[in-house]
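Student: Dropping in entry.csv, which is CSV, C-alpha atoms and all ligand atoms:
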```
chain,number,residue,atom,x,y,z
A,1,MET,CA,0.0,0.0,0.0
A,2,SER,CA,1.3,3.4,-1.0
A,3,LYS,CA,1.7,6.2,1.5
A,4,ILE,CA,0.1,9.6,1.8
A,5,LEU,CA,2.2,12.5,3.0
A,6,PHE,CA,0.9,15.7,4.8
A,7,ALA,CA,2.9,18.8,5.6
A,8,SER,CA,2.5,22.5,5.9
A,9,ASP,CA,4.0,25.9,6.9
A,10,PHE,CA,7.3,25.8,5.2
A,11,HIS,CA,7.1,29.6,4.8
A,12,LEU,CA,9.7,29.5,2.0
A,13,GLY,CA,11.1,32.9,1.2
A,14,VAL,CA,11.7,33.9,4.9
A,15,PRO,CA,14.0,34.7,6.4
A,16,GLU,CA,15.8,36.1,3.4
A,17,GLY,CA,19.0,34.4,2.4
A,18,PRO,CA,20.3,30.9,3.0
A,19,ASN,CA,17.9,30.0,5.7
A,20,SER,CA,15.0,29.5,3.3
A,21,LEU,CA,17.3,27.8,0.8
A,22,GLN,CA,18.5,25.3,3.5
A,23,ARG,CA,14.9,24.6,4.4
A,24,GLU,CA,14.0,24.1,0.8
A,25,LYS,CA,16.9,21.6,0.4
A,26,ARG,CA,15.8,19.8,3.5
A,27,LEU,CA,12.3,19.5,2.1
A,28,VAL,CA,13.6,18.1,-1.1
A,29,ARG,CA,15.6,15.5,0.9
A,30,TRP,CA,12.5,14.7,2.9
A,31,LEU,CA,10.4,14.2,-0.2
A,32,GLU,CA,13.3,12.2,-1.9
A,33,SER,CA,13.3,9.8,1.1
A,34,PHE,CA,9.7,8.7,0.1
A,35,ARG,CA,10.5,8.1,-3.6
A,36,GLY,CA,8.6,5.1,-4.9
A,37,GLU,CA,6.6,4.8,-1.7
A,38,VAL,CA,4.1,7.7,-1.9
A,39,ASP,CA,1.1,8.1,-4.1
A,40,GLU,CA,-0.3,11.4,-2.8
A,41,ILE,CA,1.1,14.5,-1.2
A,42,TYR,CA,-0.9,17.1,0.6
A,43,PHE,CA,0.7,20.5,1.2
A,44,LEU,CA,-1.6,22.1,3.7
A,45,GLY,CA,-0.9,25.7,3.1
A,46,ASP,CA,1.8,28.4,3.8
A,47,VAL,CA,4.3,26.5,1.7
A,48,PHE,CA,5.4,30.0,0.7
A,49,ASP,CA,5.7,33.0,2.9
A,50,PHE,CA,4.1,34.9,0.1
A,51,TRP,CA,2.8,33.6,-3.3
A,52,PHE,CA,1.0,35.6,-5.9
A,53,GLU,CA,0.6,34.5,-9.5
A,54,TYR,CA,0.4,37.3,-12.0
A,55,LYS,CA,-0.9,36.7,-15.5
A,56,TYR,CA,2.5,36.0,-17.0
A,57,VAL,CA,4.8,36.2,-13.9
A,58,ILE,CA,5.3,34.1,-10.7
A,59,PRO,CA,7.6,34.9,-7.8
A,60,LYS,CA,11.3,34.0,-8.1
A,61,GLY,CA,12.8,30.9,-6.4
A,62,TYR,CA,11.8,27.5,-5.1
A,63,SER,CA,13.2,25.7,-8.2
A,64,ARG,CA,14.5,22.7,-6.3
A,65,LEU,CA,11.1,22.1,-4.6
A,66,PHE,CA,9.3,22.6,-7.8
A,67,GLY,CA,11.7,20.2,-9.5
A,68,ILE,CA,10.9,17.3,-7.2
A,69,ILE,CA,7.2,18.0,-7.2
A,70,ALA,CA,7.1,18.1,-11.0
A,71,ASP,CA,9.1,14.9,-11.1
A,72,TYR,CA,6.7,13.2,-8.7
A,73,ALA,CA,3.7,14.5,-10.5
A,74,ASP,CA,5.1,13.2,-13.8
A,75,LYS,CA,5.5,9.8,-12.2
A,76,GLY,CA,1.8,9.8,-11.2
A,77,VAL,CA,2.0,11.1,-7.6
A,78,LYS,CA,-1.1,13.2,-6.9
A,79,ILE,CA,-0.2,16.6,-5.6
A,80,HIS,CA,-2.6,18.8,-3.5
A,81,PHE,CA,-2.1,22.4,-2.4
A,82,PHE,CA,-4.2,24.1,0.2
A,83,LYS,CA,-4.4,27.9,0.2
A,84,GLY,CA,-2.8,29.1,3.4
A,85,ASN,CA,-3.2,32.6,4.7
A,86,HIS,CA,0.2,33.5,3.3
A,87,ASP,CA,-0.1,31.9,-0.1
A,88,MET,CA,-3.7,31.9,-1.2
A,89,TRP,CA,-3.2,33.6,-4.5
A,90,MET,CA,-2.9,30.5,-6.7
A,91,PHE,CA,-4.5,31.0,-10.0
A,92,GLY,CA,-3.8,28.0,-12.1
A,93,TYR,CA,-0.1,27.6,-12.2
A,94,PHE,CA,0.2,24.6,-10.0
A,95,GLU,CA,-2.7,22.9,-11.8
A,96,LYS,CA,-0.9,23.4,-15.0
A,97,GLU,CA,2.6,22.5,-13.9
A,98,PHE,CA,1.9,19.7,-11.5
A,99,ASN,CA,-1.6,18.7,-12.4
A,100,ALA,CA,-2.2,19.6,-8.8
A,101,GLU,CA,-5.6,19.9,-7.0
A,102,ILE,CA,-6.0,23.2,-5.2
A,103,HIS,CA,-8.2,23.4,-2.1
A,104,ASP,CA,-9.7,26.7,-1.2
A,105,ASN,CA,-10.9,25.7,2.2
A,106,ASP,CA,-11.6,22.3,3.7
A,107,TYR,CA,-11.3,18.9,2.0
A,108,ILE,CA,-12.8,15.7,3.1
A,109,PHE,CA,-11.9,12.2,1.8
A,110,GLN,CA,-11.9,8.6,2.8
A,111,LYS,CA,-9.2,6.1,2.4
A,112,ASN,CA,-9.2,2.4,3.5
A,113,GLY,CA,-12.2,3.1,5.7
A,114,LYS,CA,-10.6,6.1,7.4
A,115,LYS,CA,-12.2,9.5,7.1
A,116,PHE,CA,-10.0,12.6,6.8
A,117,TYR,CA,-10.9,16.3,7.3
A,118,LEU,CA,-8.2,18.7,6.1
A,119,HIS,CA,-7.9,22.5,6.3
A,120,HIS,CA,-5.0,24.9,6.6
A,121,GLY,CA,-6.6,26.1,9.9
A,122,ASP,CA,-7.0,29.8,9.4
A,123,GLY,CA,-10.3,31.6,10.0
A,124,LEU,CA,-12.0,28.8,11.8
A,125,GLY,CA,-14.0,28.8,15.0
A,126,ASP,CA,-15.5,31.8,16.7
A,127,GLY,CA,-12.7,34.3,17.3
A,128,ASP,CA,-10.4,36.3,15.1
A,129,LYS,CA,-13.1,38.5,13.5
A,130,ALA,CA,-10.4,40.9,12.1
A,131,TYR,CA,-8.7,38.1,10.2
A,132,LYS,CA,-12.0,36.8,8.9
A,133,LEU,CA,-12.7,40.2,7.4
A,134,LEU,CA,-9.2,40.4,6.0
A,135,LYS,CA,-9.6,37.0,4.4
A,136,LYS,CA,-12.7,38.2,2.6
A,137,VAL,CA,-10.7,41.1,1.2
A,138,PHE,CA,-7.7,38.8,0.3
A,139,ARG,CA,-10.0,36.4,-1.5
A,140,SER,CA,-12.1,39.0,-3.3
A,141,LYS,CA,-11.7,38.9,-7.0
A,142,ILE,CA,-11.8,42.7,-7.3
A,143,CYS,CA,-9.0,43.2,-4.7
A,144,GLN,CA,-7.0,40.5,-6.4
A,145,ARG,CA,-7.3,42.1,-9.8
A,146,LEU,CA,-6.4,45.5,-8.4
A,147,PHE,CA,-3.3,44.0,-6.7
A,148,ALA,CA,-2.3,42.3,-9.9
A,149,PHE,CA,-2.2,45.7,-11.6
A,150,LEU,CA,0.6,46.8,-9.2
A,151,HIS,CA,4.0,46.2,-10.6
A,152,PRO,CA,5.4,43.0,-8.9
A,153,SER,CA,8.3,45.0,-7.3
A,154,ILE,CA,5.7,47.1,-5.5
A,155,GLY,CA,3.1,44.4,-4.9
A,156,ILE,CA,5.5,41.8,-3.6
A,157,GLY,CA,7.3,44.4,-1.6
A,158,LEU,CA,4.1,45.4,0.1
A,159,ALA,CA,3.1,41.8,0.7
A,160,ARG,CA,6.4,40.9,2.3
A,161,PHE,CA,6.1,43.9,4.7
A,162,PHE,CA,2.6,42.8,5.8
A,163,SER,CA,3.6,39.1,5.9
A,164,ALA,CA,6.4,39.9,8.3
A,165,ARG,CA,4.0,42.0,10.4
A,166,SER,CA,1.4,39.2,10.6
A,167,ARG,CA,4.1,36.7,11.5
A,168,ALA,CA,5.2,38.9,14.4
A,169,ALA,CA,1.6,39.5,15.4
A,170,GLN,CA,0.7,35.8,15.4
A,171,GLY,CA,3.5,35.2,18.0
A,172,TYR,CA,4.1,31.5,17.2
A,173,VAL,CA,3.5,29.3,20.1
A,174,GLU,CA,6.7,28.2,21.9
A,175,ASP,CA,5.0,26.4,24.7
A,176,THR,CA,4.0,22.8,23.9
A,177,SER,CA,2.1,22.4,27.2
A,178,ILE,CA,-0.8,24.3,25.8
A,179,ASN,CA,-4.3,24.3,27.3
A,180,LEU,CA,-6.4,22.3,24.8
A,181,LYS,CA,-9.6,23.9,26.0
A,182,LYS,CA,-8.2,27.2,24.7
A,183,GLU,CA,-6.8,25.7,21.5
A,184,TRP,CA,-9.4,26.9,19.0
A,185,LEU,CA,-8.7,24.2,16.5
A,186,PHE,CA,-9.2,21.5,19.1
A,187,GLN,CA,-12.5,23.2,20.0
A,188,TYR,CA,-13.4,23.3,16.3
A,189,CYS,CA,-12.7,19.6,16.1
A,190,GLU,CA,-14.9,19.0,19.1
A,191,ASP,CA,-17.7,20.9,17.5
A,192,MET,CA,-17.4,19.1,14.2
A,193,LEU,CA,-17.6,15.7,16.0
A,194,GLU,CA,-21.0,16.7,17.4
A,195,THR,CA,-22.5,16.2,14.0
A,196,GLN,CA,-19.9,14.5,11.8
A,197,THR,CA,-17.4,11.8,12.2
A,198,TYR,CA,-13.7,11.9,11.2
A,199,ASP,CA,-10.8,9.7,12.2
A,200,TYR,CA,-8.2,12.3,11.4
A,201,MET,CA,-8.7,16.1,11.5
A,202,ILE,CA,-5.5,17.6,10.0
A,203,PHE,CA,-4.5,21.2,10.1
A,204,GLY,CA,-1.4,23.4,9.8
A,205,HIS,CA,-1.2,27.2,10.6
A,206,ARG,CA,-0.4,26.8,14.3
A,207,HIS,CA,3.3,26.0,13.9
A,208,LEU,CA,2.9,23.5,16.7
A,209,PRO,CA,3.0,19.8,16.1
A,210,LEU,CA,0.0,18.1,17.9
A,211,ASP,CA,-1.5,14.7,17.8
A,212,VAL,CA,-4.4,14.5,20.3
A,213,GLU,CA,-7.5,12.5,20.7
A,214,VAL,CA,-10.6,14.7,20.7
A,215,LYS,CA,-12.7,11.6,21.4
A,216,PRO,CA,-11.4,8.0,21.5
A,217,GLY,CA,-10.4,7.2,18.0
A,218,HIS,CA,-10.9,10.7,16.6
A,219,ARG,CA,-7.7,12.7,16.4
A,220,TYR,CA,-6.7,16.3,15.9
A,221,ILE,CA,-3.4,16.5,14.2
A,222,ASN,CA,-1.5,19.7,13.7
A,223,LEU,CA,1.4,19.4,11.3
A,224,GLY,CA,3.7,21.8,13.0
A,225,ASP,CA,6.0,23.7,10.7
A,226,TRP,CA,9.4,23.5,9.0
A,227,LEU,CA,10.8,26.7,10.5
A,228,LYS,CA,11.4,24.9,13.8
A,229,TYR,CA,10.0,21.4,13.9
A,230,ASN,CA,10.4,19.7,10.4
A,231,THR,CA,7.3,17.7,11.1
A,232,TYR,CA,4.9,15.9,8.8
A,233,ALA,CA,2.2,13.2,8.9
A,234,VAL,CA,2.2,10.0,7.0
A,235,PHE,CA,-0.7,7.6,6.4
A,236,ASP,CA,0.5,4.1,5.5
A,237,GLY,CA,-2.9,2.7,4.6
A,238,THR,CA,-3.7,1.6,8.1
A,239,ASP,CA,-2.8,4.5,10.5
A,240,LEU,CA,-1.6,8.0,10.5
A,241,VAL,CA,1.6,9.0,12.3
A,242,LEU,CA,3.0,12.4,13.0
A,243,LYS,CA,6.8,12.3,12.5
A,244,THR,CA,9.8,14.5,12.6
A,245,TYR,CA,12.1,14.5,9.6
A,246,GLU,CA,15.7,13.8,10.7
A,247,ASP,CA,18.3,14.6,8.1
B,301,MN,MN,-0.9,29.9,8.2
```
For the structure just supplied, provide its representation as structure tokens.
Ligand SMILES: [Mn+2]
Tutor:
Amino acid sequence: MSKILFASDFHLGVPEGPNSLQREKRLVRWLESFRGEVDEIYFLGDVFDFWFEYKYVIPKGYSRLFGIIADYADKGVKIHFFKGNHDMWMFGYFEKEFNAEIHDNDYIFQKNGKKFYLHHGDGLGDGDKAYKLLKKVFRSKICQRLFAFLHPSIGIGLARFFSARSRAAQGYVEDTSINLKKEWLFQYCEDMLETQTYDYMIFGHRHLPLDVEVKPGHRYINLGDWLKYNTYAVFDGTDLVLKTYED
């Protein structure tokens, strides 16, 4: 049985310089370590710290990661991209290059009798009204068209500025002994399980690797990130395991 991989929050592009490149190379080694064993890969958002496709232009960089993804795609591996809050401006390039499936919000599927719920993790639950409003603006066709009219040097410059500010504002969780009752994605999973049933509810966005039972047999998995943890999940056909990639 082939494997399914899940990972998110690589934030390629930051910090500037070799750091992002080292991370990208590590990602390539990680993907390479599954060559011949994987038949689907889910990138659950914020692969890039900023991504915006113009009509004829895409942001510079990431050629090594794109290389291995293209190679896998050409060999029949199904590639999925979720729109994260940093890289939601995908307008057809990944479909065209990698035959990828792009997911705007959540995606639900079943495999070998296991039911999966996937989402980047942004804008869920009750709180964060300001971000929810911002997300509407970010996702509005008119705003996207206006942004596309800006010269990329100006547009991408602006975006990098705001992206750095949002990263600072989010204040990534350092403490792993978090209170699950206050963890909004855990609560979101609890609420979903009132009316639906999933074996695995997988998210990114929090930059904190978590694998917790919401109810017996129903798990909330957070994929962590590749800025600090180098974590990913793998489904081997029977069960899902959250792992750390060791070079
Ligand atoms: Mn995010």
Student: Which is closer to Asp122 of chain A than all the others in A:Lys96, A:Lys83, A:Arg139, A:His218, using only C-alpha atoms?
Tutor: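 The answer is A:Lys83, which sits nearest to Asp122 of chain A.
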Student: Given the choices A:His11, A:Lys60, A:Lys25, A:Arg219, which gets closest to ligand MN 301 (chain B) if the distance is worked out from all atoms listed in the file?
Tutor: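 Smallest separation from ligand MN 301 (chain B) among the options: A:His11.
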Student: What separation in Å, quoted to one decimal, exists between atom CA of Glu101 of chain A and atom CA of Leu118 of chain A?
Tutor: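 That distance, rounded to one decimal, is 13.4 Å.
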Student: Would you list the residues that come within 6 Å of ligand MN 301 (chain B)? Count only C-alpha atoms and all ligand atoms and give the answer as a PyMOL selection string.
Tutor: chain A and resi 46+84-85+205
Student: Please determine, counting all atoms listed in the file, which residue among A:Pro15, A:Pro209, A:Pro59, A:Gly121 has the shortest atom-to-atom distance to Val241 of chain A.
Tutor: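 Of A:Pro15, A:Pro209, A:Pro59, A:Gly121, the one nearest Val241 of chain A, counting all atoms listed in the file, is A:Pro209.
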Student: With only C-alpha atoms as the atoms that count, which of A:Ser8, A:Ser20, A:Ser140, A:Ser2 lies nearest to Glu40 of chain A?
Tutor: A:Ser2
Student: Name the residues within 8 Å of (8.4, 19.6, 13.4), counting all atoms listed in the file in the file's coordinates, and put them as a list of chain:residue names.
Tutor: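 Residues lying no farther than 8 Å from the given point: A:Leu208, A:Pro209, A:Leu223, A:Gly224, A:Asp225, A:Trp226, A:Lys228, A:Tyr229, A:Asn230, A:Thr231, A:Tyr232, A:Lys243, A:Thr244, A:Tyr245.
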Student: Please provide as a list of chain:residue names all residues within 12 Å of Phe186 of chain A, with the sequence filter that same-chain residues fewer than 6 positions apart are discarded (counting only C-alpha atoms).
Tutor: A:Gly121, A:Leu124, A:Gly125, A:Ile178, A:Asn179, A:Leu180, A:Met192, A:Leu193, A:Met201, A:Ile202, A:Phe203, A:Arg206, A:Leu210, A:Asp211, A:Val212, A:Glu213, A:Val214, A:Lys215, A:His218, A:Arg219, A:Tyr220, A:Ile221, A:Asn222
Student: Please return segment 39-62 of chain A, rebuilt to N, CA, C and O atoms, as a compact mmCIF listing (two decimals), keeping the file's coordinate frame.
Tutor:
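The result, stored in result.txt:
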```txt
# COMPACT_ATOMS: atom_id res chain seq x y z
N ASP A 39 1.95 7.87 -2.95
CA ASP A 39 1.10 8.10 -4.10
C ASP A 39 0.28 9.41 -4.03
O ASP A 39 -0.36 9.79 -5.00
N GLU A 40 0.33 10.06 -2.87
CA GLU A 40 -0.30 11.40 -2.80
C GLU A 40 0.43 12.24 -1.79
O GLU A 40 0.91 11.76 -0.77
N ILE A 41 0.51 13.53 -2.10
CA ILE A 41 1.10 14.50 -1.20
C ILE A 41 0.20 15.67 -0.99
O ILE A 41 -0.25 16.28 -1.97
N TYR A 42 -0.10 15.96 0.26
CA TYR A 42 -0.90 17.10 0.60
C TYR A 42 -0.06 18.19 1.24
O TYR A 42 0.52 17.97 2.30
N PHE A 43 0.03 19.34 0.57
CA PHE A 43 0.70 20.50 1.20
C PHE A 43 -0.45 21.37 1.73
O PHE A 43 -1.28 21.90 0.98
N LEU A 44 -0.48 21.47 3.06
CA LEU A 44 -1.60 22.10 3.70
C LEU A 44 -1.51 23.59 3.96
O LEU A 44 -2.02 24.10 4.95
N GLY A 45 -0.85 24.29 3.07
CA GLY A 45 -0.90 25.70 3.10
C GLY A 45 0.39 26.36 3.72
O GLY A 45 1.16 25.73 4.44
N ASP A 46 0.60 27.62 3.36
CA ASP A 46 1.80 28.40 3.80
C ASP A 46 3.08 27.66 3.41
O ASP A 46 4.07 27.70 4.16
N VAL A 47 3.07 27.03 2.25
CA VAL A 47 4.30 26.50 1.70
C VAL A 47 5.25 27.66 1.42
O VAL A 47 6.45 27.57 1.65
N PHE A 48 4.66 28.77 0.97
CA PHE A 48 5.40 30.00 0.70
C PHE A 48 5.03 31.07 1.69
O PHE A 48 3.87 31.16 2.08
N ASP A 49 6.00 31.89 2.06
CA ASP A 49 5.70 33.00 2.90
C ASP A 49 4.82 34.03 2.20
O ASP A 49 4.03 34.75 2.81
N PHE A 50 5.03 34.08 0.90
CA PHE A 50 4.10 34.90 0.10
C PHE A 50 4.14 34.30 -1.35
O PHE A 50 5.20 34.01 -1.91
N TRP A 51 2.95 34.12 -1.90
CA TRP A 51 2.80 33.60 -3.30
C TRP A 51 1.72 34.36 -3.95
O TRP A 51 0.61 34.45 -3.42
N PHE A 52 2.00 34.92 -5.10
CA PHE A 52 1.00 35.60 -5.90
C PHE A 52 1.30 35.34 -7.37
O PHE A 52 2.41 35.66 -7.80
N GLU A 53 0.35 34.76 -8.09
CA GLU A 53 0.60 34.50 -9.50
C GLU A 53 -0.02 35.70 -10.32
O GLU A 53 -1.21 35.97 -10.23
N TYR A 54 0.83 36.35 -11.07
CA TYR A 54 0.40 37.30 -12.00
C TYR A 54 0.04 36.60 -13.33
O TYR A 54 0.29 35.40 -13.45
N LYS A 55 -0.51 37.34 -14.26
CA LYS A 55 -0.90 36.70 -15.50
C LYS A 55 0.23 35.94 -16.18
O LYS A 55 0.10 34.81 -16.62
N TYR A 56 1.39 36.62 -16.26
CA TYR A 56 2.50 36.00 -17.00
C TYR A 56 3.75 35.84 -16.06
O TYR A 56 4.83 35.52 -16.55
N VAL A 57 3.60 36.09 -14.78
CA VAL A 57 4.80 36.20 -13.90
C VAL A 57 4.46 35.42 -12.58
O VAL A 57 3.36 35.50 -12.06
N ILE A 58 5.46 34.68 -12.09
CA ILE A 58 5.30 34.10 -10.70
C ILE A 58 6.56 34.58 -9.92
O ILE A 58 7.57 34.98 -10.49
N PRO A 59 6.46 34.49 -8.58
CA PRO A 59 7.60 34.90 -7.80
C PRO A 59 8.85 34.06 -8.04
O PRO A 59 8.75 32.88 -8.38
N LYS A 60 10.01 34.66 -7.87
CA LYS A 60 11.30 34.00 -8.10
C LYS A 60 11.51 32.88 -7.00
O LYS A 60 11.01 33.00 -5.88
N GLY A 61 12.34 31.90 -7.37
CA GLY A 61 12.80 30.90 -6.40
C GLY A 61 12.13 29.60 -6.39
O GLY A 61 11.32 29.30 -7.27
N TYR A 62 12.50 28.77 -5.41
CA TYR A 62 11.80 27.50 -5.10
C TYR A 62 12.02 26.44 -6.22
O TYR A 62 11.26 25.48 -6.32
```
